[in-house]
Amino acid sequence: MIKTPFVAAAALALVAGPAMAQQKTVKIGFISTFSGPTAVIGNDMRNSFELGLDHVGRKLGGLPVEVIYEDDTQKPDVGVQKTQKLIESDHVDFVVGYIWSNVLLASLKPLVDSKTMTVVTNAGASQLAGERCSPYVFSTSWNNDQTPEAMGTYMNQKGIKKIFVIAPNYAAGKDMAAGVKLTYKGEVIGEEYTRWPDQLDFSAELSKARAANPDAIFVFYPGGAGVQFITQYVQAGLKGKIPLYQVFTIDDLSLPRLKELAVGIPGAQEWVNDLPNETNKKFVADYIAKYKKRPSFYGAQTYDAVGLINSAVTAVKGDLTQKEAMRKEMEKADFKSVRGHFTYGNNHIPIQNFYLQDAVKEGDDYVLKTVATIVKDDQDRFHDKCPMK
Amino acid sequence: MSASLERPSLDAAADARLTGGTAIAVAVIAALALVPVYTTLTGNAFLLTLFTRVLILAIGAVSLNLIMGYGGMVSFGHAAYLGIGGYAVGILAKEGIGSGFVQWPVAVAASALYALVVGALSLRTRGVYFIMITLAFAQMIYYVVIGLDRYGGDDGLTIYRRSSFGGILDLNNKTVFYYLCFAVLLAGIYLVARIVNSRFGLVIQGTRANERRMQAIGFPTFRYKPACFVIAGALCGLAGALLANHANFISPAMMHWTRSGDLIVMVVLGGLGTLFGPLIGAVVFLLLEEGLSRLTEYPDLILGPILLLVAIYAHGGIEGLLRGRRG
Amino acid sequence: MLYFIEQCLNGIQLGMLLFLLAAGLTLVFGIMDLVNLAHGSLYMLGAYFAATFAIWTGSFVAAVILALVVSALVGMALEIVAIRRLYARSHLDHVLGTFGLLLFFNEAVRLIWGPAGMTLTLPPQMLAAVQIIPGIYYPIYRLVIILAALAVAALLYFVVMRTRLGMLIRAGASNREMVGALGVNIKLLYTLVFGLGAALAGFAGVMQAPILTVQIGMGENILILAFVVIIIGGIGSIRGAFVAAIVVGLIDTVGRAFLPDLLGHILSTNAAATLGPALSSMSIYMVMAGILIFRPEGLFPAASR
């Protein structure tokens, strides 16, 4: 009979946790997905962040760093709760991470209300670039539309006359389709939006695409769904008949699973692991040495967050209360990015190059290679909706 | 299905009132009442945020318990009401109607209406068929909401201002909001206690034990059961309105079927058909989730077997366990 | 017309996959009266085993056979350790307990195999499409799935209707106590049936692995579909599961293929683009609700329950 109060008290103590805040450390809350199948993305981001901290001697602007990792379980309501915990209970100086647009959008209000310095390292919701931009929120990734816009441009260069679009039926999927339609000048002869995230079989859509007989198929399926789509596309005998152009569907996380199936399918990306700058070479080489696998673009963007935060903390000489000064410093993007130099737009979204990448076989290994630069210094098209100047 | 319900006693509520279950419940409620005091003293505002969520989901569990525990109607789509209540608040807020005097009644009414439709269509089925048809309706609502582009679709919708109640209640004050949720929870439990001990409630419980007999005695169970279903739906809709205000955000994830599963787990874990079981279940389940995820990177490796052990060894969940009903 | 036939084939193929998963579920449900949410976990384990054995042995066929055997063994072990203690409990305790198992298996897989998921690679000769009738190309492997599922259906029919084990299964489904009273070792029978169910789930996992996915949580969404199938078909009825699986597969696929275009003729393009995917996602649930409203015990209710 005395059990329940005991359990409650124990749980209370557990939840309260050690609230001792050490002065003179930089406290960083890191939100990503560390459980379920997409934990593979979260792990890659965490690995890259840890590697980034190693590279700066685990000190930012001379201050020791403390990182608190929180798992959003890919659910918006859990993400907002963890964000609140980081702000209210851990009193972090920076929040870093966010893979998913919906988790980010849910968490944005507490972040902005509390004026917490935030670095978004993947989620590219167009609201973040437009009306919901904020002085204290920076992105080291992109806006959703930018990558498919680059792909559309590339398909124009290839002289493709008619395409068939397949994407999942959720916000990012629609953003991607809208992005490609913005720059692609040929005819879009069909568009299919599939149930997300639980539709795994694309036979109906592939049959439809085959029947429509386009010059090419444009596709967006992030994470594990990408593996399924490419596999089914190859099994349907379409590879070699109707070429595929993809964004975020083949990356360094899915390539080890796809292997031969992915070879020869082009994609657009703002970072590729063979970009020839010194920071990137060091990042990729050390990552492979430390974790025995290749980093993905998720990791690369997260690695950049370390440099960005380091520049801010250094500029204010460790006085983390000077948020205005930190913001001004971060707007300069004055650090060595793995994608080469980029600048920030008024909305704190990078203005950057997009590259054409291809999957090739190198010995027994399958790797992504940069083929060409599709667009230079591309800015998202939502920046004029952002009230910041 | 009815054969497998092992406690067809009509005096379940009276039972809970008289035994030690109440003492524990009082202790839990007292502890919950003191949470804001504790957080004010320690300055840990997050604890208040966490427990507000616990209270709100406990309201959902209490409402589910009314139909599932007392009425034998196992709804596997209860999270739909959380979503409907939440979206009622969110949609009205987005359209510029910020008054809680409008938002909340709409949330309750919309949930009640949905419950009426679902109840009318599905209460003819029994047992697992009923479980699955409630799930089917919840899935339909889930996909409808994903299709609502104007209200964010799959990405969800941020609510910039919490419901306003003139100058009477300021929901932006976390302590005020906490005690409001606390009050709603207690009111919900009181409502269930009153219903269960009324003639209406006795008929509902009799229906769970043997519907045909209740009909033979002359009770129109086909009217009583939907009525009970609607009351539970309305209460859970109110919890949805609270949840939307709490998170300042709504999304289809609120009504994903796994959330319905969580609610069932809370009720069964705490003690099916007991007044305070759902509250205890919600507190224990959510704190275990939160606590275990801090202890280990593989929390479900521990949580899973705990649930299995409760299912195997504890007749009537934690409440039953505490009262010494062992299987 | 050819295109319509092709889409129907796609639907039948999805239905066959669902049948493999639903057959085991309905067997366990019908005979032991057990609601098993962990059935999807056995499906997931089957796929992981196959992918692992494929790496070890280098042979697709050997991997499939080994995975089947191990799935059945794991199922029987699970029955002895945990599941048999749940039979006497209510359906809600089943939900709680097997939900716990589902959580446990997901984490265990993450611990053992990591979060990244795996790939079961097909032999190269299956990686193509063949022309089955002039104008229709169909992936070879999907044909293999259809044939394998039909073979399993025939085998199940034979086992249930023509063997002693099947006789006991049928007897157990209609009157458990009587079978026990007649001196049949009910415990052993249940363990065997659960093992058979696990093998079927594992087989479904293995067969879909090359086209869908091998990853954590892969069993959960498809489990809901499998429940829809056994509910529409009537619990405990393998024939019902077979018919319902094809119905669900066809509705889902054909709905996805044609509904948006049909709506486009009636509504504005914009409205159709929004409504189409939402409606086709809902279609199977609408059908299930509709069937249950008119036939509260499914299409083929088990007679004596």
# chains A, B, ... in the order shown; residues from 1 in each chain; ligands from 1
>>> interface_residues(of="chain B", to="chain C", cutoff="7 Å", atoms="only C-alpha atoms", output="NGL selection string")
:B and (4-5 or 121-122 or 124-125 or 129 or 133 or 136 or 140 or 143-144 or 147 or 265 or 298 or 300-301 or 303-305 or 307-308 or 311-312)
>>> write_last_selection(atoms="N, CA and C atoms", output="compact mmCIF listing (two decimals), in the first residue's frame")
# COMPACT_ATOMS: atom_id res chain seq x y z
N SER B 4 -14.71 -13.43 -21.20
CA SER B 4 -13.37 -13.21 -20.71
C SER B 4 -13.28 -11.99 -19.78
N LEU B 5 -14.36 -11.32 -19.59
CA LEU B 5 -14.34 -10.21 -18.62
C LEU B 5 -14.52 -10.82 -17.24
N LEU B 121 -23.10 3.74 -35.27
CA LEU B 121 -22.75 2.80 -36.33
C LEU B 121 -22.06 1.55 -35.82
N SER B 122 -21.37 1.67 -34.68
CA SER B 122 -20.51 0.54 -34.32
C SER B 122 -20.99 -0.26 -33.11
N ARG B 124 -23.40 -2.01 -32.64
CA ARG B 124 -24.01 -3.29 -32.96
C ARG B 124 -22.99 -4.42 -32.91
N THR B 125 -21.73 -4.08 -33.11
CA THR B 125 -20.70 -5.12 -33.13
C THR B 125 -20.22 -5.42 -31.71
N TYR B 129 -14.52 -7.12 -32.85
CA TYR B 129 -15.07 -6.39 -33.99
C TYR B 129 -15.33 -4.94 -33.62
N ILE B 133 -13.65 -1.63 -35.32
CA ILE B 133 -14.44 -0.61 -36.03
C ILE B 133 -14.17 0.77 -35.44
N ALA B 136 -11.10 1.81 -37.04
CA ALA B 136 -11.32 2.22 -38.43
C ALA B 136 -11.79 3.67 -38.50
N MET B 140 -9.88 6.95 -40.16
CA MET B 140 -10.47 7.83 -41.17
C MET B 140 -10.28 9.29 -40.79
N TYR B 143 -6.73 10.39 -41.37
CA TYR B 143 -6.39 10.72 -42.75
C TYR B 143 -7.09 11.98 -43.24
N VAL B 144 -8.29 12.24 -42.73
CA VAL B 144 -8.97 13.49 -43.08
C VAL B 144 -8.10 14.67 -42.64
N GLY B 147 -5.18 15.47 -44.64
CA GLY B 147 -5.54 16.13 -45.88
C GLY B 147 -5.90 17.60 -45.73
N VAL B 265 -3.37 1.20 -22.67
CA VAL B 265 -2.34 0.69 -21.77
C VAL B 265 -2.41 1.39 -20.41
N TYR B 298 17.87 2.34 -24.38
CA TYR B 298 16.92 1.32 -24.83
C TYR B 298 15.78 1.18 -23.82
N ASP B 300 12.57 0.83 -23.96
CA ASP B 300 11.49 -0.14 -24.17
C ASP B 300 11.93 -1.57 -23.84
N LEU B 301 13.22 -1.77 -23.75
CA LEU B 301 13.72 -3.09 -23.37
C LEU B 301 13.30 -3.40 -21.93
N LEU B 303 10.60 -1.32 -20.35
CA LEU B 303 9.17 -1.02 -20.28
C LEU B 303 8.33 -2.18 -20.83
N GLY B 304 8.77 -2.77 -21.93
CA GLY B 304 8.02 -3.86 -22.55
C GLY B 304 7.76 -5.01 -21.59
N PRO B 305 8.83 -5.60 -21.02
CA PRO B 305 8.62 -6.69 -20.06
C PRO B 305 7.80 -6.28 -18.84
N LEU B 307 5.26 -4.23 -18.84
CA LEU B 307 3.86 -4.31 -19.27
C LEU B 307 3.41 -5.77 -19.36
N LEU B 308 4.29 -6.62 -19.88
CA LEU B 308 3.95 -8.03 -20.00
C LEU B 308 3.71 -8.64 -18.62
N ALA B 311 0.46 -7.59 -17.24
CA ALA B 311 -0.63 -8.30 -17.90
C ALA B 311 -0.77 -9.72 -17.37
N ILE B 312 0.36 -10.37 -17.10
CA ILE B 312 0.30 -11.77 -16.68
C ILE B 312 -0.05 -11.90 -15.20
>>> residues_around(residues="Ile31 of chain C", least_positions_apart="4", cutoff="7 Å", atoms="only C-alpha atoms", output="list in words")
Leu27, Ile169, Gly172, Ala173 and Gly236 of chain C
>>> closest_residue(among="B:Phe51, B:Tyr81, B:Tyr224, B:Tyr114", to="His256 of chain B", atoms="only C-alpha atoms")
B:Tyr81
>>> closest_atom_pairs(of="chain A", to="chain B", cutoff="6 Å", atoms="only C-alpha atoms", output="tab-separated table")
residue	atom	partner	partner_atom	distance
A:Met1	CA	B:Leu322	CA	5.8
A:Lys85	CA	B:Phe46	CA	5.2
A:Glu88	CA	B:Phe46	CA	5.1
A:Ser89	CA	B:Phe46	CA	5.1
A:Asn102	CA	B:Asp155	CA	4.4
A:Ala106	CA	B:Phe249	CA	5.8
A:Tyr170	CA	B:Asp154	CA	5.5
>>> write_last_selection(atoms="N, CA and C atoms", output="PDB file, in the first residue's frame")
ATOM      1  N   MET A   1       0.814  -1.203   0.000  1.00  0.00           N
ATOM      2  CA  MET A   1       0.000   0.000   0.000  1.00  0.00           C
ATOM      3  C   MET A   1       0.853   1.260   0.000  1.00  0.00           C
ATOM      4  N   LYS A  85      11.777  20.961 -22.079  1.00  0.00           N
ATOM      5  CA  LYS A  85      12.658  20.478 -21.002  1.00  0.00           C
ATOM      6  C   LYS A  85      14.034  21.125 -21.107  1.00  0.00           C
ATOM      7  N   GLU A  88      13.501  24.906 -20.124  1.00  0.00           N
ATOM      8  CA  GLU A  88      13.016  25.237 -18.792  1.00  0.00           C
ATOM      9  C   GLU A  88      13.780  24.535 -17.680  1.00  0.00           C
ATOM     10  N   SER A  89      14.211  23.311 -17.955  1.00  0.00           N
ATOM     11  CA  SER A  89      14.838  22.537 -16.887  1.00  0.00           C
ATOM     12  C   SER A  89      16.360  22.576 -16.977  1.00  0.00           C
ATOM     13  N   ASN A 102       7.957  18.821 -39.133  1.00  0.00           N
ATOM     14  CA  ASN A 102       6.816  18.951 -38.218  1.00  0.00           C
ATOM     15  C   ASN A 102       7.263  19.026 -36.765  1.00  0.00           C
ATOM     16  N   ALA A 106       6.569  22.432 -34.465  1.00  0.00           N
ATOM     17  CA  ALA A 106       5.925  22.320 -33.160  1.00  0.00           C
ATOM     18  C   ALA A 106       6.783  22.970 -32.088  1.00  0.00           C
ATOM     19  N   TYR A 170       2.846  14.594 -47.873  1.00  0.00           N
ATOM     20  CA  TYR A 170       2.938  15.408 -46.661  1.00  0.00           C
ATOM     21  C   TYR A 170       3.683  16.679 -47.030  1.00  0.00           C
TER      22      TYR A 170
END
>>> residues_around(residues="Ser126 of chain A", least_positions_apart="6", cutoff="8 Å", atoms="only C-alpha atoms", output="number ranges by chain")
A: 143-145, 175, 382
>>> write_last_selection(atoms="C-alpha atoms", output="CSV table (one decimal), in the first residue's frame")
chain,number,residue,atom,x,y,z
A,143,ASN,CA,14.8,25.3,-47.5
A,144,ASN,CA,12.9,22.3,-48.7
A,145,ASP,CA,12.3,23.8,-52.2
A,175,ASP,CA,7.3,21.3,-51.1
A,382,PHE,CA,10.6,32.6,-49.3
>>> closest_atom_pairs(of="chain A", to="chain C", cutoff="9 Å", atoms="only C-alpha atoms", output="Markdown table")
| residue | atom | partner | partner_atom | distance |
| --- | --- | --- | --- | --- |
| A:Phe34 | CA | C:Pro115 | CA | 8.8 |
| A:Ser35 | CA | C:Pro115 | CA | 7.6 |
| A:Gly36 | CA | C:Ile216 | CA | 6.0 |
| A:Pro37 | CA | C:Pro115 | CA | 5.2 |
| A:Thr38 | CA | C:Pro115 | CA | 7.1 |
| A:Ala39 | CA | C:Pro115 | CA | 5.8 |
| A:Val40 | CA | C:Ala116 | CA | 5.1 |
| A:Ile41 | CA | C:Ala116 | CA | 8.5 |
| A:Asn43 | CA | C:Pro115 | CA | 8.9 |
| A:Asn169 | CA | C:Pro277 | CA | 7.4 |
| A:Glu192 | CA | C:Pro277 | CA | 8.7 |
| A:Tyr193 | CA | C:Pro277 | CA | 6.7 |
| A:Thr194 | CA | C:Pro277 | CA | 6.7 |
| A:Arg195 | CA | C:Ser281 | CA | 6.5 |
| A:Asp198 | CA | C:Asn221 | CA | 6.2 |
| A:Gln199 | CA | C:Asn221 | CA | 8.6 |
| A:Leu200 | CA | C:Leu212 | CA | 5.9 |
| A:Asp201 | CA | C:Leu212 | CA | 6.5 |
| A:Ser203 | CA | C:Asn10 | CA | 6.1 |
| A:Ala204 | CA | C:Ala257 | CA | 5.7 |
| A:Glu205 | CA | C:Ala257 | CA | 6.9 |
| A:Ser207 | CA | C:Gln7 | CA | 7.0 |
| A:Lys208 | CA | C:Ala257 | CA | 7.2 |
| A:Ala211 | CA | C:Tyr3 | CA | 7.1 |
| A:Gly224 | CA | C:Thr213 | CA | 7.5 |
| A:Ala225 | CA | C:Thr213 | CA | 8.1 |
| A:Val227 | CA | C:Thr213 | CA | 7.6 |
| A:Gln228 | CA | C:Leu212 | CA | 5.3 |
| A:Phe229 | CA | C:Leu212 | CA | 8.2 |
| A:Thr231 | CA | C:Ile211 | CA | 6.3 |
| A:Gln232 | CA | C:Ile211 | CA | 5.8 |
| A:Val234 | CA | C:Leu127 | CA | 7.0 |
| A:Gln235 | CA | C:Leu127 | CA | 5.0 |
| A:Ala236 | CA | C:Pro139 | CA | 4.9 |
| A:Gly237 | CA | C:Ala128 | CA | 4.9 |
| A:Leu238 | CA | C:Ala129 | CA | 8.5 |
| A:Leu253 | CA | C:Ala116 | CA | 7.8 |
| A:Ser254 | CA | C:Ala116 | CA | 8.5 |
| A:Arg257 | CA | C:Thr119 | CA | 5.6 |
| A:Leu258 | CA | C:Thr119 | CA | 7.6 |
>>> write_last_selection(atoms="C-alpha atoms", output="tab-separated table (two decimals), in the first residue's frame")
chain	number	residue	atom	x	y	z
A	34	PHE	CA	17.53	8.31	-31.53
A	35	SER	CA	14.96	5.51	-31.51
A	36	GLY	CA	13.11	3.63	-34.23
A	37	PRO	CA	14.37	3.15	-37.78
A	38	THR	CA	15.24	6.81	-38.31
A	39	ALA	CA	17.65	6.65	-35.36
A	40	VAL	CA	20.23	5.99	-38.06
A	41	ILE	CA	19.90	9.67	-39.03
A	43	ASN	CA	23.11	8.77	-34.74
A	169	ASN	CA	1.68	13.17	-49.45
A	192	GLU	CA	1.32	10.93	-57.63
A	193	TYR	CA	1.24	11.61	-53.91
A	194	THR	CA	1.43	8.53	-51.73
A	195	ARG	CA	0.24	7.91	-48.19
A	198	ASP	CA	3.00	3.93	-43.86
A	199	GLN	CA	2.68	3.20	-47.57
A	200	LEU	CA	5.54	0.93	-48.51
A	201	ASP	CA	4.38	-0.56	-51.74
A	203	SER	CA	3.53	-0.85	-57.42
A	204	ALA	CA	0.40	1.11	-58.37
A	205	GLU	CA	2.37	4.33	-58.83
A	207	SER	CA	2.62	0.98	-63.10
A	208	LYS	CA	1.01	4.35	-63.63
A	211	ALA	CA	1.79	3.67	-68.60
A	224	GLY	CA	14.02	3.96	-45.42
A	225	ALA	CA	11.20	4.72	-47.87
A	227	VAL	CA	15.40	2.27	-50.20
A	228	GLN	CA	12.00	0.73	-50.86
A	229	PHE	CA	11.21	3.01	-53.75
A	231	THR	CA	14.31	-1.28	-55.02
A	232	GLN	CA	10.81	-1.50	-56.44
A	234	VAL	CA	14.55	-1.51	-60.30
A	235	GLN	CA	12.45	-4.66	-59.84
A	236	ALA	CA	9.74	-3.22	-62.04
A	237	GLY	CA	12.34	-3.23	-64.80
A	238	LEU	CA	12.17	0.53	-65.19
A	253	LEU	CA	22.88	6.18	-45.20
A	254	SER	CA	20.82	4.35	-47.81
A	257	ARG	CA	21.71	-0.87	-48.43
A	258	LEU	CA	21.03	-0.07	-52.09
>>> atom_distance(atom1="atom CA of Glu329 of chain A", atom2="atom CA of Glu270 of chain A")
22.9 Å
>>> select_by_dssp(residues="segment 141-249 of chain B", states="strand (DSSP E or B)", output="number ranges by chain")
B: 157-158, 164-165, 167, 169, 249
>>> closest_residue(among="A:Thr33, A:Thr373, A:Ser141, A:Thr279", to="Trp100 of chain A", atoms="only C-alpha atoms")
A:Thr33
>>> residues_around(residues="segment 96-102 of chain B", least_positions_apart="2", cutoff="10 Å", atoms="only C-alpha atoms", output="PyMOL selection string")
chain B and resi 88-94+104-107+159-166+169+171+241
>>> select_by_dssp(residues="segment 291-323 of chain B", states="alpha helix (DSSP H)", output="ChimeraX atom specification")
/B:291-295,300-313,317-322
>>> closest_residue(among="B:Ala282, B:Ala187, B:Cys228, B:Leu269", to="Leu202 of chain B", atoms="only C-alpha atoms")
B:Cys228
>>> residues_around(residues="Tyr154 of chain A", least_positions_apart="3", cutoff="9 Å", atoms="only C-alpha atoms", output="ChimeraX atom specification")
/A:149-151,157-159,184,268,356,374-375
